[in-house]
>>> print(open('entry_14.tsv').read())   # TSV, C-alpha atoms
chain	number	residue	atom	x	y	z
A	1	MET	CA	2.85	-8.42	-8.33
A	2	LEU	CA	2.99	-12.17	-7.85
A	3	SER	CA	5.98	-13.82	-6.22
A	4	LYS	CA	6.83	-17.49	-5.81
A	5	ALA	CA	5.76	-17.15	-2.19
A	6	THR	CA	2.25	-16.00	-3.11
A	7	ARG	CA	-0.31	-18.44	-1.71
A	8	ILE	CA	-3.19	-19.10	-4.09
A	9	ALA	CA	-6.01	-21.57	-3.51
A	10	ILE	CA	-8.02	-22.96	-6.41
A	11	ILE	CA	-11.36	-24.32	-5.24
A	12	GLY	CA	-12.37	-27.08	-7.65
A	13	GLY	CA	-10.18	-29.66	-9.36
A	14	GLY	CA	-12.05	-29.99	-12.65
A	15	LEU	CA	-10.95	-28.90	-16.12
A	16	GLY	CA	-10.87	-25.19	-15.23
A	17	GLY	CA	-9.22	-25.52	-11.83
A	18	LEU	CA	-6.45	-27.83	-13.01
A	19	SER	CA	-5.79	-25.68	-16.10
A	20	ALA	CA	-5.54	-22.57	-13.91
A	21	ALA	CA	-3.00	-24.30	-11.67
A	22	ILE	CA	-0.89	-25.31	-14.67
A	23	ALA	CA	-1.00	-21.79	-16.14
A	24	LEU	CA	-0.04	-20.12	-12.85
A	25	LYS	CA	2.97	-22.42	-12.48
A	26	LYS	CA	4.16	-22.23	-16.09
A	27	ILE	CA	3.51	-18.54	-16.77
A	28	ALA	CA	3.76	-16.84	-13.35
A	29	GLY	CA	5.98	-19.33	-11.53
A	30	VAL	CA	3.44	-19.67	-8.70
A	31	GLN	CA	2.41	-23.06	-7.35
A	32	ALA	CA	-1.25	-22.86	-6.46
A	33	THR	CA	-2.99	-25.44	-4.28
A	34	VAL	CA	-5.99	-27.18	-5.85
A	35	PHE	CA	-8.76	-28.32	-3.52
A	36	GLU	CA	-11.09	-30.97	-4.92
A	37	GLN	CA	-14.22	-32.12	-3.10
A	38	SER	CA	-14.14	-35.75	-4.30
A	39	ASN	CA	-11.78	-38.44	-3.07
A	40	LYS	CA	-10.18	-38.95	-6.47
A	41	HIS	CA	-10.07	-37.41	-9.92
A	42	ASP	CA	-12.73	-39.45	-11.63
A	43	GLU	CA	-15.32	-38.40	-14.16
A	44	VAL	CA	-18.42	-40.08	-15.49
A	45	GLY	CA	-17.52	-41.12	-19.00
A	46	ALA	CA	-18.63	-38.44	-21.43
A	47	GLY	CA	-17.08	-36.20	-24.04
A	48	VAL	CA	-16.00	-32.60	-24.23
A	49	THR	CA	-14.84	-30.51	-27.18
A	50	ILE	CA	-11.62	-28.51	-27.04
A	51	ALA	CA	-12.23	-25.59	-29.41
A	52	PRO	CA	-9.46	-23.76	-31.33
A	53	ASN	CA	-9.15	-20.93	-28.79
A	54	ALA	CA	-8.64	-23.48	-26.01
A	55	CYS	CA	-6.13	-25.32	-28.21
A	56	ARG	CA	-4.04	-22.15	-28.43
A	57	VAL	CA	-3.89	-21.96	-24.63
A	58	LEU	CA	-3.03	-25.66	-24.29
A	59	ASP	CA	-0.32	-25.21	-26.91
A	60	LYS	CA	1.25	-22.47	-24.80
A	61	LEU	CA	1.07	-24.72	-21.75
A	62	GLY	CA	2.74	-27.59	-23.61
A	63	LEU	CA	-0.33	-29.82	-23.41
A	64	LEU	CA	-1.78	-29.67	-26.91
A	65	GLU	CA	0.04	-32.70	-28.32
A	66	PRO	CA	-0.98	-35.02	-25.45
A	67	MET	CA	-4.57	-33.88	-25.99
A	68	ARG	CA	-4.37	-34.54	-29.72
A	69	ARG	CA	-2.94	-38.03	-29.12
A	70	ALA	CA	-5.64	-38.88	-26.59
A	71	GLY	CA	-8.52	-37.26	-28.49
A	72	ALA	CA	-9.95	-37.25	-31.99
A	73	ILE	CA	-9.88	-34.49	-34.60
A	74	PRO	CA	-13.00	-34.75	-36.81
A	75	ASP	CA	-12.43	-35.53	-40.47
A	76	GLY	CA	-14.25	-32.37	-41.57
A	77	HIS	CA	-16.87	-29.78	-40.78
A	78	GLY	CA	-19.60	-30.61	-38.33
A	79	VAL	CA	-23.14	-30.79	-39.68
A	80	TYR	CA	-26.52	-29.80	-38.27
A	81	LEU	CA	-29.34	-31.91	-39.65
A	82	ASP	CA	-33.09	-31.87	-39.37
A	83	ALA	CA	-34.87	-34.87	-37.86
A	84	MET	CA	-34.90	-36.70	-41.20
A	85	GLY	CA	-31.21	-36.17	-41.86
A	86	ASP	CA	-31.27	-33.29	-44.34
A	87	VAL	CA	-28.43	-30.82	-43.84
A	88	VAL	CA	-29.50	-27.49	-42.34
A	89	THR	CA	-26.01	-26.01	-42.10
A	90	ASP	CA	-22.43	-26.96	-41.40
A	91	ALA	CA	-19.86	-25.56	-38.97
A	92	ALA	CA	-16.09	-25.40	-39.33
A	93	TRP	CA	-14.47	-27.18	-36.40
A	94	GLU	CA	-11.21	-25.33	-36.93
A	95	ASP	CA	-9.82	-21.80	-36.99
A	96	THR	CA	-9.38	-19.85	-40.21
A	97	SER	CA	-5.66	-20.67	-40.38
A	98	ARG	CA	-6.42	-24.39	-39.91
A	99	GLN	CA	-3.60	-24.49	-37.37
A	100	TYR	CA	-5.96	-25.45	-34.58
A	101	GLN	CA	-8.89	-27.84	-34.91
A	102	ASN	CA	-11.56	-28.90	-32.46
A	103	ILE	CA	-10.55	-32.00	-30.54
A	104	GLY	CA	-13.11	-34.43	-29.21
A	105	MET	CA	-11.89	-35.56	-25.78
A	106	TYR	CA	-13.07	-38.31	-23.48
A	107	ARG	CA	-13.46	-36.27	-20.31
A	108	PRO	CA	-11.62	-38.73	-18.00
A	109	ASP	CA	-8.66	-38.68	-20.43
A	110	MET	CA	-8.54	-34.88	-20.36
A	111	ILE	CA	-8.72	-34.76	-16.55
A	112	ASP	CA	-5.91	-37.34	-16.38
A	113	ILE	CA	-3.62	-35.32	-18.67
A	114	LEU	CA	-4.22	-32.12	-16.72
A	115	ALA	CA	-3.84	-33.76	-13.30
A	116	LYS	CA	-0.51	-35.32	-14.31
A	117	ALA	CA	0.76	-31.84	-15.25
A	118	VAL	CA	0.18	-30.57	-11.69
A	119	ASP	CA	2.54	-31.38	-8.82
A	120	PRO	CA	0.77	-34.12	-6.79
A	121	GLU	CA	1.69	-32.22	-3.61
A	122	ALA	CA	-0.38	-29.29	-4.88
A	123	ILE	CA	-3.63	-31.28	-5.13
A	124	ARG	CA	-5.71	-31.95	-2.04
A	125	LEU	CA	-8.64	-34.30	-2.45
A	126	HIS	CA	-11.65	-34.62	-0.13
A	127	HIS	CA	-11.70	-30.87	0.51
A	128	ARG	CA	-15.14	-29.37	-0.10
A	129	ALA	CA	-15.24	-25.62	0.60
A	130	LYS	CA	-17.85	-24.57	3.14
A	131	SER	CA	-17.20	-20.83	3.23
A	132	VAL	CA	-14.78	-18.20	1.91
A	133	GLU	CA	-14.09	-14.99	3.81
A	134	ILE	CA	-12.04	-11.94	2.88
A	135	LEU	CA	-9.70	-10.92	5.73
A	136	ASP	CA	-7.83	-7.68	6.31
A	137	SER	CA	-4.97	-9.37	4.51
A	138	GLY	CA	-5.86	-12.34	2.34
A	139	VAL	CA	-8.67	-14.88	2.23
A	140	ARG	CA	-9.74	-17.62	4.63
A	141	VAL	CA	-11.24	-20.85	3.36
A	142	LEU	CA	-13.16	-23.17	5.67
A	143	PHE	CA	-13.69	-26.74	4.50
A	144	GLU	CA	-16.44	-29.18	5.41
A	145	ASN	CA	-13.85	-31.59	6.84
A	146	GLY	CA	-13.18	-29.02	9.56
A	147	LYS	CA	-9.90	-27.69	8.20
A	148	GLN	CA	-9.28	-24.04	7.37
A	149	GLU	CA	-6.43	-22.20	5.66
A	150	ASP	CA	-5.53	-18.63	4.77
A	151	PHE	CA	-4.33	-17.55	1.34
A	152	ASP	CA	-3.28	-14.41	-0.49
A	153	ALA	CA	-5.88	-15.09	-3.17
A	154	VAL	CA	-8.58	-17.59	-4.10
A	155	ILE	CA	-9.86	-18.74	-7.48
A	156	GLY	CA	-13.34	-20.23	-7.47
A	157	ALA	CA	-13.54	-22.99	-10.06
A	158	ASP	CA	-16.20	-24.85	-8.10
A	159	GLY	CA	-18.96	-25.03	-10.69
A	160	ILE	CA	-22.52	-23.79	-10.92
A	161	ARG	CA	-23.16	-24.46	-7.20
A	162	SER	CA	-20.10	-22.36	-6.35
A	163	VAL	CA	-19.44	-21.51	-2.71
A	164	VAL	CA	-16.87	-18.95	-3.78
A	165	ARG	CA	-19.44	-17.00	-5.80
A	166	LYS	CA	-21.20	-15.99	-2.59
A	167	ALA	CA	-17.94	-14.47	-1.30
A	168	VAL	CA	-17.80	-12.33	-4.45
A	169	GLY	CA	-21.20	-10.95	-3.52
A	170	GLN	CA	-23.06	-12.60	-6.38
A	171	PRO	CA	-26.36	-14.55	-6.27
A	172	THR	CA	-26.17	-18.31	-5.87
A	173	HIS	CA	-29.58	-19.34	-7.24
A	174	PHE	CA	-29.86	-21.31	-10.46
A	175	VAL	CA	-32.27	-21.25	-13.39
A	176	TYR	CA	-33.58	-24.50	-14.85
A	177	SER	CA	-33.69	-24.57	-18.64
A	178	GLY	CA	-36.61	-26.98	-18.91
A	179	TYR	CA	-34.33	-29.57	-20.51
A	180	MET	CA	-32.19	-32.44	-19.40
A	181	ALA	CA	-29.50	-34.31	-21.30
A	182	TYR	CA	-28.69	-38.00	-21.58
A	183	ARG	CA	-24.93	-38.36	-21.98
A	184	GLY	CA	-22.36	-41.08	-22.44
A	185	VAL	CA	-20.12	-42.80	-24.96
A	186	ILE	CA	-20.47	-45.80	-27.23
A	187	ASP	CA	-17.91	-48.09	-28.85
A	188	ALA	CA	-17.25	-47.19	-32.49
A	189	ALA	CA	-17.26	-50.92	-33.29
A	190	ASP	CA	-21.00	-50.94	-32.54
A	191	LEU	CA	-21.69	-48.41	-35.31
A	192	PRO	CA	-21.80	-49.02	-39.08
A	193	LYS	CA	-18.31	-49.10	-40.58
A	194	ASP	CA	-19.11	-46.10	-42.81
A	195	TRP	CA	-20.20	-43.89	-39.86
A	196	LYS	CA	-18.91	-40.36	-40.48
A	197	ARG	CA	-16.02	-39.31	-38.24
A	198	ILE	CA	-17.37	-35.80	-37.73
A	199	SER	CA	-19.70	-33.97	-35.38
A	200	GLN	CA	-23.33	-34.61	-36.31
A	201	THR	CA	-26.37	-33.03	-34.67
A	202	TRP	CA	-29.95	-34.08	-35.50
A	203	MET	CA	-32.55	-31.48	-34.51
A	204	GLY	CA	-36.16	-32.50	-33.94
A	205	ASN	CA	-39.22	-30.57	-32.77
A	206	ASP	CA	-38.03	-30.20	-29.16
A	207	ARG	CA	-35.25	-32.76	-28.95
A	208	HIS	CA	-31.81	-33.12	-30.43
A	209	LEU	CA	-28.99	-35.66	-30.60
A	210	MET	CA	-25.35	-34.65	-30.97
A	211	THR	CA	-22.48	-37.08	-31.58
A	212	TYR	CA	-18.76	-36.74	-32.28
A	213	PRO	CA	-15.65	-38.98	-32.13
A	214	LEU	CA	-13.26	-39.44	-29.19
A	215	GLN	CA	-10.12	-41.48	-28.42
A	216	GLN	CA	-8.73	-41.64	-31.97
A	217	TYR	CA	-12.22	-42.57	-33.24
A	218	LYS	CA	-12.55	-45.60	-30.91
A	219	LEU	CA	-15.45	-44.00	-29.04
A	220	TYR	CA	-18.31	-41.66	-29.92
A	221	ASN	CA	-19.73	-39.16	-27.48
A	222	TYR	CA	-23.44	-38.47	-27.45
A	223	VAL	CA	-25.65	-35.80	-25.91
A	224	ALA	CA	-29.41	-36.30	-26.23
A	225	CYS	CA	-31.41	-33.31	-24.97
A	226	VAL	CA	-35.10	-33.63	-24.13
A	227	PRO	CA	-37.67	-31.46	-22.30
A	228	SER	CA	-38.37	-32.60	-18.74
A	229	ASP	CA	-39.28	-31.36	-15.27
A	230	ARG	CA	-37.49	-34.31	-13.63
A	231	PRO	CA	-34.51	-32.29	-12.30
A	232	LEU	CA	-36.93	-30.11	-10.30
A	233	LYS	CA	-38.21	-33.10	-8.34
A	234	GLY	CA	-34.98	-34.30	-6.74
A	235	PRO	CA	-31.35	-34.89	-7.80
A	236	TRP	CA	-29.89	-32.99	-10.71
A	237	SER	CA	-28.28	-36.05	-12.31
A	238	GLY	CA	-27.81	-39.80	-12.08
A	239	PRO	CA	-27.72	-43.08	-13.99
A	240	ALA	CA	-30.64	-43.77	-16.31
A	241	ASP	CA	-32.23	-46.68	-18.11
A	242	VAL	CA	-31.35	-46.76	-21.81
A	243	ALA	CA	-35.03	-47.47	-22.50
A	244	GLU	CA	-35.77	-43.89	-21.40
A	245	VAL	CA	-33.73	-42.51	-24.30
A	246	HIS	CA	-35.53	-44.72	-26.81
A	247	ALA	CA	-38.91	-43.70	-25.40
A	248	GLU	CA	-38.03	-40.00	-25.64
A	249	PHE	CA	-36.97	-40.29	-29.29
A	250	SER	CA	-39.96	-42.44	-30.27
A	251	ARG	CA	-42.23	-39.39	-30.10
A	252	GLN	CA	-41.49	-38.43	-33.72
A	253	LYS	CA	-39.97	-39.89	-36.84
A	254	TRP	CA	-36.18	-39.66	-37.17
A	255	ASP	CA	-33.44	-40.30	-39.71
A	256	PRO	CA	-32.62	-44.06	-39.62
A	257	ARG	CA	-29.07	-43.10	-38.58
A	258	VAL	CA	-30.48	-41.74	-35.30
A	259	GLU	CA	-32.10	-45.09	-34.63
A	260	GLN	CA	-28.84	-46.86	-35.51
A	261	PHE	CA	-26.93	-44.72	-33.06
A	262	LEU	CA	-29.44	-45.03	-30.23
A	263	SER	CA	-29.50	-48.82	-30.62
A	264	ALA	CA	-25.74	-48.86	-29.86
A	265	ILE	CA	-26.15	-47.15	-26.46
A	266	LYS	CA	-25.52	-49.61	-23.63
A	267	GLU	CA	-25.25	-47.21	-20.69
A	268	THR	CA	-26.43	-43.65	-20.08
A	269	PHE	CA	-26.55	-40.93	-17.45
A	270	TRP	CA	-28.83	-37.91	-17.22
A	271	TRP	CA	-28.08	-34.30	-16.26
A	272	GLY	CA	-30.46	-31.43	-15.64
A	273	LEU	CA	-29.44	-28.37	-17.65
A	274	PHE	CA	-29.24	-25.35	-15.36
A	275	ASP	CA	-27.57	-21.97	-15.72
A	276	ILE	CA	-27.24	-18.73	-13.78
A	277	GLU	CA	-28.24	-15.20	-14.63
A	278	PRO	CA	-25.31	-13.05	-15.85
A	279	LEU	CA	-23.22	-11.79	-12.94
A	280	THR	CA	-22.30	-8.13	-12.51
A	281	ASN	CA	-18.69	-9.04	-11.73
A	282	TRP	CA	-16.47	-12.11	-11.59
A	283	SER	CA	-14.07	-10.90	-8.90
A	284	ARG	CA	-13.87	-9.07	-5.62
A	285	GLY	CA	-10.50	-8.06	-4.23
A	286	PRO	CA	-8.33	-11.19	-3.93
A	287	ILE	CA	-11.12	-13.56	-5.08
A	288	ALA	CA	-11.92	-14.42	-8.69
A	289	LEU	CA	-14.36	-16.80	-10.36
A	290	LEU	CA	-13.61	-19.14	-13.25
A	291	GLY	CA	-15.66	-21.40	-15.50
A	292	ASP	CA	-19.19	-22.42	-14.52
A	293	ALA	CA	-18.86	-20.53	-11.22
A	294	ALA	CA	-18.63	-17.33	-13.28
A	295	HIS	CA	-20.69	-17.93	-16.40
A	296	SER	CA	-22.51	-21.24	-16.33
A	297	MET	CA	-24.76	-21.72	-19.35
A	298	ILE	CA	-26.61	-24.49	-21.15
A	299	PRO	CA	-24.59	-26.34	-23.84
A	300	THR	CA	-26.31	-24.72	-26.82
A	301	ARG	CA	-25.35	-21.25	-25.57
A	302	ALA	CA	-21.80	-22.33	-24.73
A	303	LYS	CA	-21.17	-22.92	-28.43
A	304	GLU	CA	-22.06	-19.36	-29.40
>>> encode(input="entry_14.tsv", output="structure tokens")
Amino acid sequence: MLSKATRIAIIGGGLGGLSAAIALKKIAGVQATVFEQSNKHDEVGAGVTIAPNACRVLDKLGLLEPMRRAGAIPDGHGVYLDAMGDVVTDAAWEDTSRQYQNIGMYRPDMIDILAKAVDPEAIRLHHRAKSVEILDSGVRVLFENGKQEDFDAVIGADGIRSVVRKAVGQPTHFVYSGYMAYRGVIDAADLPKDWKRISQTWMGNDRHLMTYPLQQYKLYNYVACVPSDRPLKGPWSGPADVAEVHAEFSRQKWDPRVEQFLSAIKETFWWGLFDIEPLTNWSRGPIALLGDAAHSMIPTRAKE
């Protein structure tokens, strides 16, 4: 049974970690401490979709309306197109009751809303976990800055490279998908005025481009996935030259709308797409995993 005196550490101050802290406070009355490895809550500009199930949770936490105001609800169903723009299928970006719709969120906006809902005293920046150890009573966390603290329980929301996962007795190696993604946002003013305010995905032979609106349709997110062994040769991510994206999509003929969209990209970043093999368990005693630490997967599988 949790009490207000229960000490819970959340390792990772991203979307999952901050949401867990808000839920613990609002539902269980427990103030958890969030430890974030970076020096501030900043995110490379890119988009994320809040699906209907997540909207239900945010509604219960009192955060759905701020998300709706900051984000963009598509005008209709999303569409999946072949390379030449012919519709393959569509997908409803809403639940069957139409009470909750997918919301396209600019990731920094979403982080900002979540962080503001957590007591500033409960967030500790520049704390990267080095090790997590189960004690006779509780859990000890050692940080790379030399500090250590003991807690009654620990939630590992520290991503695919999770340190906490090792303490749960699960493997820490990753599997490369063979693909990387160029990501970023573009200004809606740089697109044709009749550009559809929905999710659109063009699927080529071994590449695809997905776009959807953000920030009340002022921005459009894009994810351009291409095959590559680049992430195996060094860093997993970083800034990229926009010319790389054009070169990758010049390998076959595309719908003119793809070319229109790509021509509006002024800045891009690349990410290697890794995942982990399914874990046998997501918890061990007073330690539990959350998000990518527990079930990291490539974007196409995350939508299933």
>>> atom_distance(input="entry_14.tsv", atom1="atom CA of Leu290 of chain A", atom2="atom CA of Gly159 of chain A")
8.4 Å
>>> closest_residue(input="entry_14.tsv", among="A:Thr89, A:Gln170, A:Gln148, A:Ser162", to="Thr201 of chain A", atoms="only C-alpha atoms")
A:Thr89
>>> closest_residue(input="entry_14.tsv", among="A:Ile10, A:Ser3, A:Lys196, A:Glu149", to="Gly76 of chain A", atoms="only C-alpha atoms")
A:Lys196
>>> atom_distance(input="entry_14.tsv", atom1="atom CA of Ala243 of chain A", atom2="atom CA of Val185 of chain A")
15.8 Å
>>> atom_distance(input="entry_14.tsv", atom1="atom CA of Tyr212 of chain A", atom2="atom CA of Arg197 of chain A")
7.0 Å
>>> residues_near_point(input="entry_14.tsv", point="(-24.1, -44.1, -22.4)", cutoff="10 Å", atoms="all atoms listed in the file", output="MDAnalysis selection string")
chainID A and resid 44:46 182:187 220:223 239:242 245 262 264:270
>>> residues_near_point(input="entry_14.tsv", point="(-25.3, -27.3, -40.6)", cutoff="7 Å", atoms="all atoms listed in the file", output="PyMOL selection string")
chain A and resi 78-81+87-91
>>> residues_around(input="entry_14.tsv", residues="segment 12-27 of chain A", least_positions_apart="6", cutoff="10 Å", atoms="only C-alpha atoms", output="PyMOL selection string")
chain A and resi 2+4+33-38+40-43+57-58+60-63+107+110-119+122-125+127-129+155-159+162+290-293
>>> residues_around(input="entry_14.tsv", residues="Asn102 of chain A", least_positions_apart="4", cutoff="10 Å", atoms="all atoms listed in the file", output="ChimeraX atom specification")
/A:49-55,68,71-74,77,92-95
>>> closest_residue(input="entry_14.tsv", among="A:Arg207, A:His126, A:Arg56, A:Lys253", to="Gly178 of chain A", atoms="all atoms listed in the file")
A:Arg207
>>> residues_around(input="entry_14.tsv", residues="Thr6 of chain A", least_positions_apart="6", cutoff="10 Å", atoms="all atoms listed in the file", output="list of chain:residue names")
A:Gly29, A:Val30, A:Gln31, A:Ala32, A:Phe151, A:Asp152, A:Ala153
>>> residues_around(input="entry_14.tsv", residues="Lys130 of chain A", least_positions_apart="4", cutoff="9 Å", atoms="only C-alpha atoms", output="PDB file with C-alpha atoms, in the frame of the given file")
ATOM      1  CA  VAL A 141     -11.240 -20.850   3.360  1.00  0.00           C
ATOM      2  CA  LEU A 142     -13.160 -23.170   5.670  1.00  0.00           C
ATOM      3  CA  PHE A 143     -13.690 -26.740   4.500  1.00  0.00           C
ATOM      4  CA  GLU A 144     -16.440 -29.180   5.410  1.00  0.00           C
ATOM      5  CA  ASN A 145     -13.850 -31.590   6.840  1.00  0.00           C
ATOM      6  CA  VAL A 163     -19.440 -21.510  -2.710  1.00  0.00           C
ATOM      7  CA  VAL A 164     -16.870 -18.950  -3.780  1.00  0.00           C
TER       8      VAL A 164
END
